[in-house]
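Content type PDB, C-alpha atoms and all ligand atoms, from the file work-v4.pdb:
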ATOM      1  CA  MET Z  29      -8.057 -15.119 -17.198  1.00  0.00           C
ATOM      2  CA  ILE Z  30     -10.554 -15.000 -14.380  1.00  0.00           C
ATOM      3  CA  ARG Z  31     -13.567 -12.691 -14.544  1.00  0.00           C
ATOM      4  CA  PRO Z  32     -13.105  -9.645 -12.291  1.00  0.00           C
ATOM      5  CA  LEU Z  33     -14.783 -10.269  -8.953  1.00  0.00           C
ATOM      6  CA  LEU Z  34     -15.541  -6.775  -7.884  1.00  0.00           C
ATOM      7  CA  PRO Z  35     -15.063  -3.529  -9.839  1.00  0.00           C
ATOM      8  CA  ALA Z  36     -12.208  -1.406  -8.477  1.00  0.00           C
ATOM      9  CA  HIS Z  37     -14.438   1.487  -7.389  1.00  0.00           C
ATOM     10  CA  GLU Z  38     -16.656  -0.873  -5.388  1.00  0.00           C
ATOM     11  CA  ALA Z  39     -13.622  -2.405  -3.698  1.00  0.00           C
ATOM     12  CA  LEU Z  40     -12.392   1.103  -2.900  1.00  0.00           C
ATOM     13  CA  ALA Z  41     -15.762   2.003  -1.366  1.00  0.00           C
ATOM     14  CA  ARG Z  42     -15.561  -1.152   0.753  1.00  0.00           C
ATOM     15  CA  LEU Z  43     -12.107  -0.159   2.052  1.00  0.00           C
ATOM     16  CA  ARG Z  44     -13.243   3.401   2.785  1.00  0.00           C
ATOM     17  CA  GLU Z  45     -16.222   2.060   4.746  1.00  0.00           C
ATOM     18  CA  GLY Z  46     -14.016  -0.382   6.639  1.00  0.00           C
ATOM     19  CA  ASN Z  47     -11.571   2.371   7.536  1.00  0.00           C
ATOM     20  CA  ARG Z  48     -14.440   4.550   8.730  1.00  0.00           C
ATOM     21  CA  ARG Z  49     -15.494   1.730  11.070  1.00  0.00           C
ATOM     22  CA  PHE Z  50     -11.898   1.406  12.283  1.00  0.00           C
ATOM     23  CA  THR Z  51     -11.544   5.111  13.064  1.00  0.00           C
ATOM     24  CA  THR Z  52     -14.823   5.064  15.004  1.00  0.00           C
ATOM     25  CA  ASN Z  53     -13.897   1.910  16.935  1.00  0.00           C
ATOM     26  CA  VAL Z  54     -16.595  -0.231  15.334  1.00  0.00           C
ATOM     27  CA  ARG Z  55     -15.990  -3.699  13.931  1.00  0.00           C
ATOM     28  CA  SER Z  56     -18.059  -5.435  11.297  1.00  0.00           C
ATOM     29  CA  LEU Z  57     -19.644  -8.732  12.219  1.00  0.00           C
ATOM     30  CA  ASP Z  58     -18.429 -10.226   8.936  1.00  0.00           C
ATOM     31  CA  ALA Z  59     -14.807  -9.502   9.808  1.00  0.00           C
ATOM     32  CA  LEU Z  60     -15.241 -10.764  13.363  1.00  0.00           C
ATOM     33  CA  LEU Z  61     -16.943 -13.973  12.281  1.00  0.00           C
ATOM     34  CA  SER Z  62     -14.595 -14.656   9.376  1.00  0.00           C
ATOM     35  CA  HIS Z  63     -12.368 -16.762  11.624  1.00  0.00           C
ATOM     36  CA  THR Z  64     -15.230 -19.217  12.066  1.00  0.00           C
ATOM     37  CA  LYS Z  65     -15.444 -19.677   8.289  1.00  0.00           C
ATOM     38  CA  ARG Z  66     -11.949 -20.956   7.598  1.00  0.00           C
ATOM     39  CA  ALA Z  67     -13.276 -24.126   6.030  1.00  0.00           C
ATOM     40  CA  GLU Z  68     -15.284 -22.173   3.449  1.00  0.00           C
ATOM     41  CA  LEU Z  69     -12.196 -20.432   2.096  1.00  0.00           C
ATOM     42  CA  GLY Z  70     -10.938 -23.218  -0.137  1.00  0.00           C
ATOM     43  CA  ARG Z  71     -10.684 -20.611  -2.862  1.00  0.00           C
ATOM     44  CA  GLN Z  72      -9.754 -17.043  -2.048  1.00  0.00           C
ATOM     45  CA  THR Z  73     -11.525 -14.033  -3.539  1.00  0.00           C
ATOM     46  CA  PRO Z  74      -9.735 -10.972  -2.131  1.00  0.00           C
ATOM     47  CA  CYS Z  75     -11.452  -7.673  -2.981  1.00  0.00           C
ATOM     48  CA  ALA Z  76      -8.187  -5.712  -2.943  1.00  0.00           C
ATOM     49  CA  ILE Z  77      -4.430  -6.108  -3.144  1.00  0.00           C
ATOM     50  CA  VAL Z  78      -2.610  -3.978  -0.569  1.00  0.00           C
ATOM     51  CA  LEU Z  79       1.102  -3.227  -0.718  1.00  0.00           C
ATOM     52  CA  GLY Z  80       1.878  -1.814   2.704  1.00  0.00           C
ATOM     53  CA  CYS Z  81       4.755  -1.220   5.089  1.00  0.00           C
ATOM     54  CA  SER Z  82       5.775  -3.923   7.566  1.00  0.00           C
ATOM     55  CA  ASP Z  83       5.357  -1.459  10.430  1.00  0.00           C
ATOM     56  CA  SER Z  84       3.603  -3.244  13.309  1.00  0.00           C
ATOM     57  CA  ARG Z  85       1.169  -0.332  13.640  1.00  0.00           C
ATOM     58  CA  ALA Z  86      -0.101  -0.490  10.055  1.00  0.00           C
ATOM     59  CA  PRO Z  87      -1.745  -3.894   9.405  1.00  0.00           C
ATOM     60  CA  ALA Z  88      -4.094  -3.576   6.426  1.00  0.00           C
ATOM     61  CA  GLU Z  89      -6.698  -6.071   7.636  1.00  0.00           C
ATOM     62  CA  ILE Z  90      -7.212  -4.176  10.896  1.00  0.00           C
ATOM     63  CA  VAL Z  91      -7.003  -0.674   9.425  1.00  0.00           C
ATOM     64  CA  PHE Z  92      -9.669  -1.565   6.825  1.00  0.00           C
ATOM     65  CA  ASP Z  93     -11.679  -3.790   9.198  1.00  0.00           C
ATOM     66  CA  GLN Z  94     -11.556  -6.803   6.882  1.00  0.00           C
ATOM     67  CA  GLY Z  95     -11.583 -10.496   7.668  1.00  0.00           C
ATOM     68  CA  LEU Z  96      -9.963 -13.712   6.507  1.00  0.00           C
ATOM     69  CA  GLY Z  97      -9.836 -13.965   2.731  1.00  0.00           C
ATOM     70  CA  ASP Z  98     -10.719 -10.302   2.103  1.00  0.00           C
ATOM     71  CA  LEU Z  99      -7.329  -8.756   1.326  1.00  0.00           C
ATOM     72  CA  PHE Z 100      -4.241  -9.947  -0.522  1.00  0.00           C
ATOM     73  CA  VAL Z 101      -1.520  -8.194   1.449  1.00  0.00           C
ATOM     74  CA  ILE Z 102       2.131  -7.658   0.588  1.00  0.00           C
ATOM     75  CA  ARG Z 103       4.162  -6.033   3.343  1.00  0.00           C
ATOM     76  CA  VAL Z 104       7.723  -4.817   3.116  1.00  0.00           C
ATOM     77  CA  ALA Z 105       9.558  -2.071   4.995  1.00  0.00           C
ATOM     78  CA  GLY Z 106       8.909   1.251   3.268  1.00  0.00           C
ATOM     79  CA  ASN Z 107       6.250  -0.310   0.968  1.00  0.00           C
ATOM     80  CA  ILE Z 108       8.840  -0.404  -1.795  1.00  0.00           C
ATOM     81  CA  VAL Z 109       8.332  -2.004  -5.192  1.00  0.00           C
ATOM     82  CA  ALA Z 110      11.023  -4.544  -6.043  1.00  0.00           C
ATOM     83  CA  PRO Z 111      10.497  -7.352  -8.606  1.00  0.00           C
ATOM     84  CA  SER Z 112       8.990  -9.757  -6.056  1.00  0.00           C
ATOM     85  CA  GLN Z 113       6.370  -7.144  -5.102  1.00  0.00           C
ATOM     86  CA  VAL Z 114       5.455  -6.601  -8.756  1.00  0.00           C
ATOM     87  CA  GLY Z 115       5.210 -10.368  -9.172  1.00  0.00           C
ATOM     88  CA  SER Z 116       2.962 -10.703  -6.119  1.00  0.00           C
ATOM     89  CA  VAL Z 117       0.582  -8.039  -7.435  1.00  0.00           C
ATOM     90  CA  GLU Z 118       0.569  -9.673 -10.893  1.00  0.00           C
ATOM     91  CA  PHE Z 119      -0.143 -13.031  -9.280  1.00  0.00           C
ATOM     92  CA  ALA Z 120      -3.207 -11.835  -7.384  1.00  0.00           C
ATOM     93  CA  ALA Z 121      -4.544  -9.639 -10.198  1.00  0.00           C
ATOM     94  CA  GLU Z 122      -4.294 -12.433 -12.738  1.00  0.00           C
ATOM     95  CA  ARG Z 123      -5.217 -15.423 -10.617  1.00  0.00           C
ATOM     96  CA  PHE Z 124      -7.994 -13.997  -8.445  1.00  0.00           C
ATOM     97  CA  GLY Z 125      -9.332 -11.263 -10.716  1.00  0.00           C
ATOM     98  CA  THR Z 126      -8.775  -8.641  -8.004  1.00  0.00           C
ATOM     99  CA  ARG Z 127      -9.062  -5.199  -9.608  1.00  0.00           C
ATOM    100  CA  LEU Z 128      -7.965  -2.769  -6.901  1.00  0.00           C
ATOM    101  CA  VAL Z 129      -4.349  -2.291  -5.859  1.00  0.00           C
ATOM    102  CA  VAL Z 130      -3.574   0.012  -2.925  1.00  0.00           C
ATOM    103  CA  VAL Z 131      -0.050   1.174  -2.135  1.00  0.00           C
ATOM    104  CA  MET Z 132      -0.289   2.262   1.491  1.00  0.00           C
ATOM    105  CA  GLY Z 133       2.392   4.283   3.231  1.00  0.00           C
ATOM    106  CA  HIS Z 134       1.984   5.685   6.728  1.00  0.00           C
ATOM    107  CA  THR Z 135       3.010   8.590   8.931  1.00  0.00           C
ATOM    108  CA  LEU Z 136       6.160   8.232  11.062  1.00  0.00           C
ATOM    109  CA  CYS Z 137       7.552   5.546   8.748  1.00  0.00           C
ATOM    110  CA  GLY Z 138      10.873   4.231  10.049  1.00  0.00           C
ATOM    111  CA  ALA Z 139      12.032   3.240   6.572  1.00  0.00           C
ATOM    112  CA  ILE Z 140      11.616   6.796   5.304  1.00  0.00           C
ATOM    113  CA  LEU Z 141      13.454   8.152   8.339  1.00  0.00           C
ATOM    114  CA  ALA Z 142      16.240   5.556   7.963  1.00  0.00           C
ATOM    115  CA  THR Z 143      16.654   6.548   4.316  1.00  0.00           C
ATOM    116  CA  LEU Z 144      16.920  10.207   5.235  1.00  0.00           C
ATOM    117  CA  GLU Z 145      19.492   9.415   7.935  1.00  0.00           C
ATOM    118  CA  HIS Z 146      21.454   7.313   5.491  1.00  0.00           C
ATOM    119  CA  MET Z 147      21.493  10.192   2.990  1.00  0.00           C
ATOM    120  CA  GLU Z 148      22.749  12.528   5.705  1.00  0.00           C
ATOM    121  CA  SER Z 149      25.528  10.163   6.814  1.00  0.00           C
ATOM    122  CA  PRO Z 150      26.164   7.646   4.025  1.00  0.00           C
ATOM    123  CA  GLY Z 151      28.926   5.916   5.937  1.00  0.00           C
ATOM    124  CA  GLY Z 152      26.392   4.305   8.285  1.00  0.00           C
ATOM    125  CA  THR Z 153      26.330   0.681   9.259  1.00  0.00           C
ATOM    126  CA  SER Z 154      23.431  -0.586   7.194  1.00  0.00           C
ATOM    127  CA  SER Z 155      23.887  -3.975   5.576  1.00  0.00           C
ATOM    128  CA  ARG Z 156      23.715  -4.483   1.835  1.00  0.00           C
ATOM    129  CA  ALA Z 157      20.241  -6.006   2.187  1.00  0.00           C
ATOM    130  CA  LEU Z 158      19.063  -3.037   4.215  1.00  0.00           C
ATOM    131  CA  ARG Z 159      20.627  -0.669   1.695  1.00  0.00           C
ATOM    132  CA  SER Z 160      18.560  -2.309  -1.046  1.00  0.00           C
ATOM    133  CA  ILE Z 161      15.488  -0.893   0.687  1.00  0.00           C
ATOM    134  CA  VAL Z 162      17.064   2.513   1.281  1.00  0.00           C
ATOM    135  CA  ASP Z 163      18.147   2.669  -2.366  1.00  0.00           C
ATOM    136  CA  ARG Z 164      14.536   2.233  -3.510  1.00  0.00           C
ATOM    137  CA  VAL Z 165      13.223   4.952  -1.210  1.00  0.00           C
ATOM    138  CA  ARG Z 166      16.022   7.451  -1.858  1.00  0.00           C
ATOM    139  CA  PRO Z 167      14.926   8.615  -5.371  1.00  0.00           C
ATOM    140  CA  SER Z 168      11.626   9.817  -3.869  1.00  0.00           C
ATOM    141  CA  ILE Z 169      13.383  11.938  -1.251  1.00  0.00           C
ATOM    142  CA  GLU Z 170      16.288  13.362  -3.249  1.00  0.00           C
ATOM    143  CA  PRO Z 171      14.278  15.939  -5.232  1.00  0.00           C
ATOM    144  CA  LEU Z 172      12.643  17.156  -1.992  1.00  0.00           C
ATOM    145  CA  MET Z 173      16.062  17.736  -0.436  1.00  0.00           C
ATOM    146  CA  ARG Z 174      16.642  20.407  -3.076  1.00  0.00           C
ATOM    147  CA  THR Z 175      13.569  22.382  -2.009  1.00  0.00           C
ATOM    148  CA  GLU Z 176      12.874  24.453   1.104  1.00  0.00           C
ATOM    149  CA  LEU Z 177      11.579  21.271   2.725  1.00  0.00           C
ATOM    150  CA  ALA Z 178      15.224  20.460   3.430  1.00  0.00           C
ATOM    151  CA  HIS Z 179      14.994  22.935   6.331  1.00  0.00           C
ATOM    152  CA  ASP Z 180      11.833  21.482   7.865  1.00  0.00           C
ATOM    153  CA  ARG Z 181      12.395  17.894   8.897  1.00  0.00           C
ATOM    154  CA  ALA Z 182       8.803  17.089   9.888  1.00  0.00           C
ATOM    155  CA  ALA Z 183       7.428  18.476   6.628  1.00  0.00           C
ATOM    156  CA  LEU Z 184      10.166  16.719   4.680  1.00  0.00           C
ATOM    157  CA  LEU Z 185       9.282  13.350   6.217  1.00  0.00           C
ATOM    158  CA  ARG Z 186       5.592  13.920   5.504  1.00  0.00           C
ATOM    159  CA  GLU Z 187       6.196  14.786   1.870  1.00  0.00           C
ATOM    160  CA  ALA Z 188       8.774  12.033   1.455  1.00  0.00           C
ATOM    161  CA  THR Z 189       6.249   9.433   2.628  1.00  0.00           C
ATOM    162  CA  ARG Z 190       3.741  10.571   0.039  1.00  0.00           C
ATOM    163  CA  ALA Z 191       6.329  10.883  -2.710  1.00  0.00           C
ATOM    164  CA  ASN Z 192       7.472   7.335  -1.962  1.00  0.00           C
ATOM    165  CA  VAL Z 193       3.876   6.076  -2.299  1.00  0.00           C
ATOM    166  CA  ARG Z 194       3.409   7.945  -5.603  1.00  0.00           C
ATOM    167  CA  VAL Z 195       6.601   6.469  -7.024  1.00  0.00           C
ATOM    168  CA  ALA Z 196       5.638   2.947  -5.920  1.00  0.00           C
ATOM    169  CA  ALA Z 197       2.136   3.269  -7.416  1.00  0.00           C
ATOM    170  CA  ASP Z 198       3.585   4.583 -10.686  1.00  0.00           C
ATOM    171  CA  HIS Z 199       6.070   1.743 -10.755  1.00  0.00           C
ATOM    172  CA  LEU Z 200       3.208  -0.755 -10.510  1.00  0.00           C
ATOM    173  CA  ARG Z 201       1.240   1.083 -13.214  1.00  0.00           C
ATOM    174  CA  HIS Z 202       4.105   1.203 -15.698  1.00  0.00           C
ATOM    175  CA  GLY Z 203       6.689  -1.356 -14.589  1.00  0.00           C
ATOM    176  CA  SER Z 204       4.739  -4.440 -15.616  1.00  0.00           C
ATOM    177  CA  GLN Z 205       3.337  -5.285 -19.019  1.00  0.00           C
ATOM    178  CA  LEU Z 206       0.696  -7.501 -17.458  1.00  0.00           C
ATOM    179  CA  LEU Z 207      -0.534  -4.832 -15.031  1.00  0.00           C
ATOM    180  CA  GLU Z 208      -0.422  -2.142 -17.716  1.00  0.00           C
ATOM    181  CA  GLN Z 209      -2.629  -4.284 -19.922  1.00  0.00           C
ATOM    182  CA  LEU Z 210      -5.078  -4.979 -17.089  1.00  0.00           C
ATOM    183  CA  ILE Z 211      -5.274  -1.224 -16.419  1.00  0.00           C
ATOM    184  CA  LEU Z 212      -5.935  -0.390 -20.077  1.00  0.00           C
ATOM    185  CA  GLU Z 213      -8.327  -3.200 -20.877  1.00  0.00           C
ATOM    186  CA  ASP Z 214      -9.702  -4.751 -17.753  1.00  0.00           C
ATOM    187  CA  GLY Z 215     -10.449  -2.158 -15.095  1.00  0.00           C
ATOM    188  CA  LEU Z 216      -7.422  -2.581 -12.846  1.00  0.00           C
ATOM    189  CA  LEU Z 217      -6.910   0.504 -10.653  1.00  0.00           C
ATOM    190  CA  VAL Z 218      -3.726   1.315  -8.720  1.00  0.00           C
ATOM    191  CA  VAL Z 219      -4.146   3.946  -6.021  1.00  0.00           C
ATOM    192  CA  GLY Z 220      -1.827   5.461  -3.424  1.00  0.00           C
ATOM    193  CA  ALA Z 221      -2.831   6.040   0.189  1.00  0.00           C
ATOM    194  CA  GLU Z 222      -1.403   7.208   3.483  1.00  0.00           C
ATOM    195  CA  TYR Z 223      -2.417   5.797   6.848  1.00  0.00           C
ATOM    196  CA  ASP Z 224      -2.274   8.270   9.716  1.00  0.00           C
ATOM    197  CA  LEU Z 225      -1.090   6.539  12.891  1.00  0.00           C
ATOM    198  CA  ASP Z 226      -2.689   9.187  15.106  1.00  0.00           C
ATOM    199  CA  THR Z 227      -6.189   9.359  13.675  1.00  0.00           C
ATOM    200  CA  GLY Z 228      -6.404   5.918  12.067  1.00  0.00           C
ATOM    201  CA  ASN Z 229      -7.596   7.587   8.874  1.00  0.00           C
ATOM    202  CA  VAL Z 230      -6.463   6.342   5.465  1.00  0.00           C
ATOM    203  CA  ASP Z 231      -6.255   9.131   2.892  1.00  0.00           C
ATOM    204  CA  PHE Z 232      -6.460   7.858  -0.687  1.00  0.00           C
ATOM    205  CA  PHE Z 233      -4.540  10.741  -2.234  1.00  0.00           C
ATOM    206  CA  ASP Z 234      -3.207   9.295  -5.487  1.00  0.00           C
ATOM    207  CA  GLY Z 235      -4.912   7.767  -8.512  1.00  0.00           C
ATOM    208  CA  THR Z 236      -8.530   7.959  -7.371  1.00  0.00           C
ATOM    209  CA  GLY Z 237      -9.401  10.860  -9.677  1.00  0.00           C
ATOM    210  CA  GLY Z 238     -10.274  13.173  -6.780  1.00  0.00           C
TER     211      GLY Z 238
HETATM  212 ZN    ZN Z 301       6.860   2.172   7.557  1.00  0.00          ZN
END

Give the structure from the file, written as structure tokens.
Ligand SMILES: [Zn+2]
Amino acid sequence: MIRPLLPAHEALARLREGNRRFTTNVRSLDALLSHTKRAELGRQTPCAIVLGCSDSRAPAEIVFDQGLGDLFVIRVAGNIVAPSQVGSVEFAAERFGTRLVVVMGHTLCGAILATLEHMESPGGTSSRALRSIVDRVRPSIEPLMRTELAHDRAALLREATRANVRVAADHLRHGSQLLEQLILEDGLLVVGAEYDLDTGNVDFFDGTGG
């Protein structure tokens, strides 16, 4: 096992700082110049693992103002956790010693909306592969449909996005023996966040201890 590179809370501070630069339209020189240092990246040392949505408006490297080699990014529609996502997180945590995992959802997520639409009219045209994504998002939305949120679509979508992030983060914390052990014994931290497309702000709302 590789020695942890950077404690989770320091990696989190780095992402918060990077996001602050992004929201104020500033870019770090390190990130800008990283493309001139390709040859020095024979070995990667990412400070964080980010599981984000494939949405074209939510690229982790840009949102956190990071450069080449800084982030190990897994992107899939709806930032769902299927076995290959768990395996990717395990891979980076074990091989590179990265100790921060961020599950990042975002406002106006098409995958959340598609899931809601599918629940409303199940006979839709989605393919089996597409349904495999919907089926992983659905359990986060179903309990909300039984609350008063069912009558407020905008609020429902907002809460569903966050619920989906919480479920994905919990899945990573408890769905892998390797990750569970790293959390208990080796400082691995899994946090949930939401990226706001309007403001550019990333709110780390789950697992940071306030
Ligand atoms: Zn999305």

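With all atoms listed in the file as the atoms that count, the minimum distance from Met147 of chain Z to the choices Z:Thr51, Z:Cys75, Z:Ile169, Z:Ile161 is reached by Z:Ile169.
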
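Across the structure, atom CA of Val104 of chain Z and atom CA of Arg164 of chain Z are spaced 11.8 Å apart.
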
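Pairwise distance (atom CA of Gly46 of chain Z, atom CA of Thr73 of chain Z) equals 17.2 Å.
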
Test item: residues no farther than 6 Å from ligand ZN 301 (chain Z), counting all atoms listed in the file, as an MDAnalysis selection string: chainID Z and resid 81 83 105:106 137:139

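Distances to Leu172 of chain Z were evaluated for Z:Arg190, Z:His134, Z:Arg201, Z:Arg159 using all atoms listed in the file, and the minimum falls at Z:Arg190.
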
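You can rank Z:Leu60, Z:Ile90, Z:Leu40, Z:Leu136 by their closest distance to Ile77 of chain Z using all atoms listed in the file, and at the top of that list sits Z:Leu40.
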
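Separating atom CA of Ser116 of chain Z from atom CA of Gln94 of chain Z is a distance of 19.9 Å.
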
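Near Leu216 of chain Z, within 7 Å and counting only C-alpha atoms, sit Z:Ala36, Z:Arg127, Z:Leu128, Z:Leu210, Z:Ile211, Z:Asp214, Z:Val218, not including residues fewer than 2 positions from it in the same chain.
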
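This file, filtered with the PyMOL selection byres (((chain Z and resi 199) around 12) and not hetatm), gives the residues Z:Asn107, Z:Ile108, Z:Val109, Z:Ala110, Z:Pro111, Z:Gln113, Z:Val114, Z:Val117, Z:Val131, Z:Arg164, Z:Ser168, Z:Asn192, Z:Val193, Z:Arg194, Z:Val195, Z:Ala196, Z:Ala197, Z:Asp198, Z:Leu200, Z:Arg201, Z:His202, Z:Gly203, Z:Ser204, Z:Gln205, Z:Leu207, Z:Glu208, Z:Val218, Z:Val219, Z:Gly220.
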
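Among the candidates Z:Leu225, Z:Val129, Z:Leu99, Z:Val78, the residue lying nearest to Pro35 of chain Z is Z:Val129 (atoms considered: all atoms listed in the file).
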
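Among the candidates Z:Gly237, Z:Gly80, Z:Pro74, Z:Pro167, the residue lying nearest to Leu33 of chain Z is Z:Pro74 (atoms considered: only C-alpha atoms).
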
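Minimum distance to Phe92 of chain Z across Z:Leu43, Z:Leu206, Z:Ala157, Z:Ala191 (counting all atoms listed in the file) occurs at Z:Leu43.
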
Give me the box for segment 96-108 of chain Z as JSON, namely the centre and edge lengths in Å to one decimal of a box along x, y and z that holds every listed atom plus 5 Å on each side.
{"center_x": -0.6, "center_y": -6.4, "center_z": 2.4, "size_x": 30.3, "size_y": 25.2, "size_z": 18.3}

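Contact shell of Leu184 of chain Z at 10 Å (all atoms listed in the file; same-chain neighbours under 4 positions omitted): Leu141, Leu144, Ile169, Leu172, Met173, Thr175, Glu176, Leu177, Ala178, His179, Asp180, Ala188 and Thr189 of chain Z.
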
Expected residue set, 7 Å radius at (-3.6, 7.8, 3.7), all atoms listed in the file, as number ranges by chain: Z: 132-134, 221-224, 229-233

Taking the block above, write segment 177-193 of chain Z with N, CA, C and O atoms as a PDB file, in the first residue's frame.
ATOM      1  N   LEU Z 177     -43.112  17.293  -1.475  1.00  0.00           N
ATOM      2  CA  LEU Z 177     -42.273  17.690  -2.610  1.00  0.00           C
ATOM      3  C   LEU Z 177     -42.865  17.231  -3.941  1.00  0.00           C
ATOM      4  O   LEU Z 177     -42.573  17.790  -5.004  1.00  0.00           O
ATOM      5  N   ALA Z 178     -43.692  16.191  -3.881  1.00  0.00           N
ATOM      6  CA  ALA Z 178     -44.300  15.650  -5.095  1.00  0.00           C
ATOM      7  C   ALA Z 178     -45.102  16.723  -5.839  1.00  0.00           C
ATOM      8  O   ALA Z 178     -45.351  16.607  -7.041  1.00  0.00           O
ATOM      9  N   HIS Z 179     -45.498  17.786  -5.107  1.00  0.00           N
ATOM     10  CA  HIS Z 179     -46.321  18.829  -5.732  1.00  0.00           C
ATOM     11  C   HIS Z 179     -45.503  20.038  -6.170  1.00  0.00           C
ATOM     12  O   HIS Z 179     -46.052  21.022  -6.653  1.00  0.00           O
ATOM     13  N   ASP Z 180     -44.198  19.981  -5.945  1.00  0.00           N
ATOM     14  CA  ASP Z 180     -43.335  21.110  -6.312  1.00  0.00           C
ATOM     15  C   ASP Z 180     -42.150  20.572  -7.100  1.00  0.00           C
ATOM     16  O   ASP Z 180     -41.153  20.137  -6.541  1.00  0.00           O
ATOM     17  N   ARG Z 181     -42.284  20.594  -8.416  1.00  0.00           N
ATOM     18  CA  ARG Z 181     -41.313  19.911  -9.267  1.00  0.00           C
ATOM     19  C   ARG Z 181     -39.886  20.452  -9.103  1.00  0.00           C
ATOM     20  O   ARG Z 181     -38.928  19.693  -9.019  1.00  0.00           O
ATOM     21  N   ALA Z 182     -39.756  21.774  -9.035  1.00  0.00           N
ATOM     22  CA  ALA Z 182     -38.414  22.362  -8.918  1.00  0.00           C
ATOM     23  C   ALA Z 182     -37.752  21.933  -7.611  1.00  0.00           C
ATOM     24  O   ALA Z 182     -36.576  21.537  -7.588  1.00  0.00           O
ATOM     25  N   ALA Z 183     -38.536  21.976  -6.527  1.00  0.00           N
ATOM     26  CA  ALA Z 183     -37.990  21.576  -5.224  1.00  0.00           C
ATOM     27  C   ALA Z 183     -37.685  20.077  -5.218  1.00  0.00           C
ATOM     28  O   ALA Z 183     -36.677  19.643  -4.653  1.00  0.00           O
ATOM     29  N   LEU Z 184     -38.552  19.317  -5.864  1.00  0.00           N
ATOM     30  CA  LEU Z 184     -38.340  17.868  -5.933  1.00  0.00           C
ATOM     31  C   LEU Z 184     -37.026  17.546  -6.648  1.00  0.00           C
ATOM     32  O   LEU Z 184     -36.232  16.722  -6.176  1.00  0.00           O
ATOM     33  N   LEU Z 185     -36.786  18.212  -7.768  1.00  0.00           N
ATOM     34  CA  LEU Z 185     -35.553  17.964  -8.525  1.00  0.00           C
ATOM     35  C   LEU Z 185     -34.324  18.362  -7.712  1.00  0.00           C
ATOM     36  O   LEU Z 185     -33.300  17.669  -7.725  1.00  0.00           O
ATOM     37  N   ARG Z 186     -34.441  19.478  -6.994  1.00  0.00           N
ATOM     38  CA  ARG Z 186     -33.322  19.920  -6.148  1.00  0.00           C
ATOM     39  C   ARG Z 186     -33.001  18.883  -5.081  1.00  0.00           C
ATOM     40  O   ARG Z 186     -31.857  18.479  -4.903  1.00  0.00           O
ATOM     41  N   GLU Z 187     -34.042  18.453  -4.381  1.00  0.00           N
ATOM     42  CA  GLU Z 187     -33.832  17.479  -3.301  1.00  0.00           C
ATOM     43  C   GLU Z 187     -33.391  16.129  -3.847  1.00  0.00           C
ATOM     44  O   GLU Z 187     -32.586  15.428  -3.235  1.00  0.00           O
ATOM     45  N   ALA Z 188     -33.939  15.758  -5.000  1.00  0.00           N
ATOM     46  CA  ALA Z 188     -33.582  14.469  -5.598  1.00  0.00           C
ATOM     47  C   ALA Z 188     -32.097  14.430  -5.959  1.00  0.00           C
ATOM     48  O   ALA Z 188     -31.414  13.420  -5.770  1.00  0.00           O
ATOM     49  N   THR Z 189     -31.581  15.557  -6.455  1.00  0.00           N
ATOM     50  CA  THR Z 189     -30.163  15.628  -6.815  1.00  0.00           C
ATOM     51  C   THR Z 189     -29.295  15.374  -5.593  1.00  0.00           C
ATOM     52  O   THR Z 189     -28.333  14.603  -5.625  1.00  0.00           O
ATOM     53  N   ARG Z 190     -29.672  16.015  -4.489  1.00  0.00           N
ATOM     54  CA  ARG Z 190     -28.880  15.859  -3.267  1.00  0.00           C
ATOM     55  C   ARG Z 190     -29.043  14.459  -2.681  1.00  0.00           C
ATOM     56  O   ARG Z 190     -28.076  13.869  -2.186  1.00  0.00           O
ATOM     57  N   ALA Z 191     -30.257  13.951  -2.719  1.00  0.00           N
ATOM     58  CA  ALA Z 191     -30.486  12.599  -2.196  1.00  0.00           C
ATOM     59  C   ALA Z 191     -29.664  11.584  -2.999  1.00  0.00           C
ATOM     60  O   ALA Z 191     -29.067  10.657  -2.443  1.00  0.00           O
ATOM     61  N   ASN Z 192     -29.610  11.790  -4.302  1.00  0.00           N
ATOM     62  CA  ASN Z 192     -28.850  10.882  -5.167  1.00  0.00           C
ATOM     63  C   ASN Z 192     -27.351  10.922  -4.835  1.00  0.00           C
ATOM     64  O   ASN Z 192     -26.668   9.894  -4.843  1.00  0.00           O
ATOM     65  N   VAL Z 193     -26.849  12.105  -4.510  1.00  0.00           N
ATOM     66  CA  VAL Z 193     -25.434  12.238  -4.108  1.00  0.00           C
ATOM     67  C   VAL Z 193     -25.194  11.517  -2.781  1.00  0.00           C
ATOM     68  O   VAL Z 193     -24.216  10.785  -2.622  1.00  0.00           O
TER      69      VAL Z 193
END
